[in-house]
Amino acid sequence: MPTITTALASPEVWEDIQHALSGGGDGRSCQCVWPVLTNKEWETTDLDQRTALFQQEVASDRPPGIVAYVDGEAAGWIRIGPRPAQRRLARTRNIIATTHEPLDDDGVWAASCFVVRKEHRGHGLNATLLDAAIAFARESGARVIEGYPIDTSQTNVRVNDLFHGALSTFLAAGFTKIDGPKPGRPLVSLAVA
């Protein structure tokens with residue numbers, strides 16, 4: 001059985017994060033900055049600019065996520081942090097219409113992005129990442145964690161679109177489902193304080 005470990009994002013694990021993001025899907029080109037940029041900002045940045053923005057975040061006082069390792073190899077990533085810092089979320093209609101929390105509350109954290117290398121998919125790595133994210137959020141003073149997953153039982157989804165996470169992963173971790181106006185795209189919430 002493989003050994004799975006996790007580590008908070010930091011400059012010391014920058015290359016590991018990059019390895020995790022480059023294993024298939026859009027992780028490498030996105031650099032996990034999609035949630036923090038507005039549409040206009042996203043459309044006017046290139047890979048080098050996104051990489052620099054992400055590297056600045058990773059070097060900041062607040063880690064923007066967690067990297068997972070399988071037998072020592074960087075295999076996955078989750079973005080977790082205060083929802084207001086992930087500016088796109090407060091501009092997303094489905095989230096605005098569904099959340100029960102104030103959009104500017106730093107006590108509300110969001111698990112907004114998962115990336116797992118192709119060779120490690122289907123082995124529960126997202127669940128491990130989410131568990132580590134919950135613990136980190138709780139230790140950091142979060143009051144609530146939200147997620148914006150896809151209900152894979154209701155809709156066919158491309159693998160690249162699963163960066164939001166699967167509803168089943170969040171429900172298994174104790175999140176409560178809140179249906180919104182967009183079928184197959186509920187909001188999930190977990191009180192951690």
# chains A, B, ... in the order shown; residues from 1 in each chain; ligands from 1
$ residues_around --residues "A:Ala97" --least-positions-apart "6" --cutoff "12 Å" --atoms "only C-alpha atoms" --output "PyMOL selection string"
chain A and resi 89-91+103+178-182+185-187
$ write_last_selection --atoms "N, CA and C atoms" --output "PDB file, in the first residue's frame"
ATOM      1  N   LEU A  89     -14.467  33.963  -6.904  1.00  0.00           N
ATOM      2  CA  LEU A  89     -15.595  33.288  -6.273  1.00  0.00           C
ATOM      3  C   LEU A  89     -16.731  34.250  -5.946  1.00  0.00           C
ATOM      4  N   ALA A  90     -16.409  35.448  -5.500  1.00  0.00           N
ATOM      5  CA  ALA A  90     -17.444  36.433  -5.169  1.00  0.00           C
ATOM      6  C   ALA A  90     -18.076  37.045  -6.415  1.00  0.00           C
ATOM      7  N   ARG A  91     -17.572  36.665  -7.583  1.00  0.00           N
ATOM      8  CA  ARG A  91     -18.128  37.152  -8.854  1.00  0.00           C
ATOM      9  C   ARG A  91     -18.827  36.031  -9.626  1.00  0.00           C
ATOM     10  N   LEU A 103     -20.032  37.431   1.610  1.00  0.00           N
ATOM     11  CA  LEU A 103     -18.967  37.256   0.618  1.00  0.00           C
ATOM     12  C   LEU A 103     -17.636  37.846   1.058  1.00  0.00           C
ATOM     13  N   ILE A 178     -25.754  22.201  -0.478  1.00  0.00           N
ATOM     14  CA  ILE A 178     -26.752  23.259  -0.644  1.00  0.00           C
ATOM     15  C   ILE A 178     -27.001  23.405  -2.139  1.00  0.00           C
ATOM     16  N   ASP A 179     -28.193  23.023  -2.574  1.00  0.00           N
ATOM     17  CA  ASP A 179     -28.504  23.119  -4.001  1.00  0.00           C
ATOM     18  C   ASP A 179     -28.645  24.576  -4.412  1.00  0.00           C
ATOM     19  N   GLY A 180     -28.147  24.877  -5.597  1.00  0.00           N
ATOM     20  CA  GLY A 180     -28.246  26.219  -6.149  1.00  0.00           C
ATOM     21  C   GLY A 180     -28.979  26.200  -7.472  1.00  0.00           C
ATOM     22  N   PRO A 181     -28.936  27.287  -8.194  1.00  0.00           N
ATOM     23  CA  PRO A 181     -29.672  27.391  -9.447  1.00  0.00           C
ATOM     24  C   PRO A 181     -29.073  26.582 -10.594  1.00  0.00           C
ATOM     25  N   LYS A 182     -27.828  26.168 -10.476  1.00  0.00           N
ATOM     26  CA  LYS A 182     -27.165  25.465 -11.567  1.00  0.00           C
ATOM     27  C   LYS A 182     -27.186  23.956 -11.292  1.00  0.00           C
ATOM     28  N   ARG A 185     -24.265  21.453  -9.874  1.00  0.00           N
ATOM     29  CA  ARG A 185     -23.201  22.300  -9.319  1.00  0.00           C
ATOM     30  C   ARG A 185     -23.636  22.878  -7.975  1.00  0.00           C
ATOM     31  N   PRO A 186     -23.765  22.023  -6.955  1.00  0.00           N
ATOM     32  CA  PRO A 186     -24.146  22.539  -5.646  1.00  0.00           C
ATOM     33  C   PRO A 186     -22.978  23.254  -4.968  1.00  0.00           C
ATOM     34  N   LEU A 187     -23.299  23.939  -3.899  1.00  0.00           N
ATOM     35  CA  LEU A 187     -22.288  24.476  -2.999  1.00  0.00           C
ATOM     36  C   LEU A 187     -22.286  23.523  -1.805  1.00  0.00           C
TER      37      LEU A 187
END
$ select_by_dssp --residues "chain A" --states "strand (DSSP E)" --output "PyMOL selection string"
chain A and resi 4-8+65-70+73-82+108-116+144-147+176-178+187-191
$ closest_atom_pairs --of "stretch 10-32 of chain A" --to "stretch 153-175 of chain A" --cutoff "10 Å" --atoms "only C-alpha atoms" --output "Markdown table"
| residue | atom | partner | partner_atom | distance |
| --- | --- | --- | --- | --- |
| A:Gly24 | CA | A:Asn160 | CA | 8.5 |
| A:Gly25 | CA | A:Asn160 | CA | 5.2 |
| A:Asp26 | CA | A:Asn160 | CA | 6.6 |
| A:Gly27 | CA | A:Phe163 | CA | 8.6 |
| A:Cys32 | CA | A:Phe163 | CA | 9.8 |
$ residues_around --residues "stretch 129-134 of chain A" --least-positions-apart "6" --cutoff "7 Å" --atoms "only C-alpha atoms" --output "list of chain:residue names"
A:Ile66, A:Ala68, A:Ile78, A:Ile80
$ residues_around --residues "A:Ser189" --least-positions-apart "5" --cutoff "6 Å" --atoms "only C-alpha atoms" --output "MDAnalysis selection string"
chainID A and resid 145:146 175:176
$ write_last_selection --atoms "all heavy atoms" --output "PDB file, in the first residue's frame"
ATOM      1  N   ILE A 145     -15.831  26.211   5.848  1.00  0.00           N
ATOM      2  CA  ILE A 145     -15.187  25.928   4.563  1.00  0.00           C
ATOM      3  C   ILE A 145     -16.286  25.656   3.552  1.00  0.00           C
ATOM      4  O   ILE A 145     -17.219  24.895   3.828  1.00  0.00           O
ATOM      5  CB  ILE A 145     -14.260  24.694   4.619  1.00  0.00           C
ATOM      6  CG1 ILE A 145     -13.191  24.861   5.689  1.00  0.00           C
ATOM      7  CG2 ILE A 145     -13.608  24.447   3.251  1.00  0.00           C
ATOM      8  CD1 ILE A 145     -12.396  23.591   5.950  1.00  0.00           C
ATOM      9  N   GLU A 146     -16.174  26.297   2.392  1.00  0.00           N
ATOM     10  CA  GLU A 146     -17.077  26.012   1.282  1.00  0.00           C
ATOM     11  C   GLU A 146     -16.311  25.313   0.171  1.00  0.00           C
ATOM     12  O   GLU A 146     -15.102  25.467   0.033  1.00  0.00           O
ATOM     13  CB  GLU A 146     -17.683  27.298   0.706  1.00  0.00           C
ATOM     14  CG  GLU A 146     -18.750  27.910   1.566  1.00  0.00           C
ATOM     15  CD  GLU A 146     -19.423  29.098   0.894  1.00  0.00           C
ATOM     16  OE1 GLU A 146     -18.954  29.582  -0.158  1.00  0.00           O
ATOM     17  OE2 GLU A 146     -20.432  29.552   1.440  1.00  0.00           O
ATOM     18  N   PHE A 175     -19.236  17.465   4.635  1.00  0.00           N
ATOM     19  CA  PHE A 175     -19.832  18.702   4.135  1.00  0.00           C
ATOM     20  C   PHE A 175     -21.325  18.518   3.908  1.00  0.00           C
ATOM     21  O   PHE A 175     -21.791  17.419   3.621  1.00  0.00           O
ATOM     22  CB  PHE A 175     -19.173  19.117   2.818  1.00  0.00           C
ATOM     23  CG  PHE A 175     -17.822  19.749   2.962  1.00  0.00           C
ATOM     24  CD1 PHE A 175     -16.715  18.980   3.284  1.00  0.00           C
ATOM     25  CD2 PHE A 175     -17.645  21.112   2.760  1.00  0.00           C
ATOM     26  CE1 PHE A 175     -15.457  19.544   3.402  1.00  0.00           C
ATOM     27  CE2 PHE A 175     -16.395  21.696   2.883  1.00  0.00           C
ATOM     28  CZ  PHE A 175     -15.303  20.911   3.208  1.00  0.00           C
ATOM     29  N   THR A 176     -22.067  19.614   4.020  1.00  0.00           N
ATOM     30  CA  THR A 176     -23.492  19.642   3.752  1.00  0.00           C
ATOM     31  C   THR A 176     -23.719  20.236   2.368  1.00  0.00           C
ATOM     32  O   THR A 176     -23.129  21.264   2.027  1.00  0.00           O
ATOM     33  CB  THR A 176     -24.223  20.503   4.808  1.00  0.00           C
ATOM     34  OG1 THR A 176     -23.984  19.945   6.093  1.00  0.00           O
ATOM     35  CG2 THR A 176     -25.715  20.566   4.537  1.00  0.00           C
TER      36      THR A 176
END
$ closest_residue --among "A:Gln31, A:Cys113, A:Val108, A:Thr98" --to "A:Lys177" --atoms "only C-alpha atoms"
A:Thr98
$ residues_around --residues "A:Ala9" --least-positions-apart "2" --cutoff "7 Å" --atoms "only C-alpha atoms" --output "PyMOL selection string"
chain A and resi 7+13+58+63-67
$ closest_residue --among "A:Asp61, A:Glu43, A:Asp104, A:Asp71" --to "A:Ser140" --atoms "only C-alpha atoms"
A:Asp61
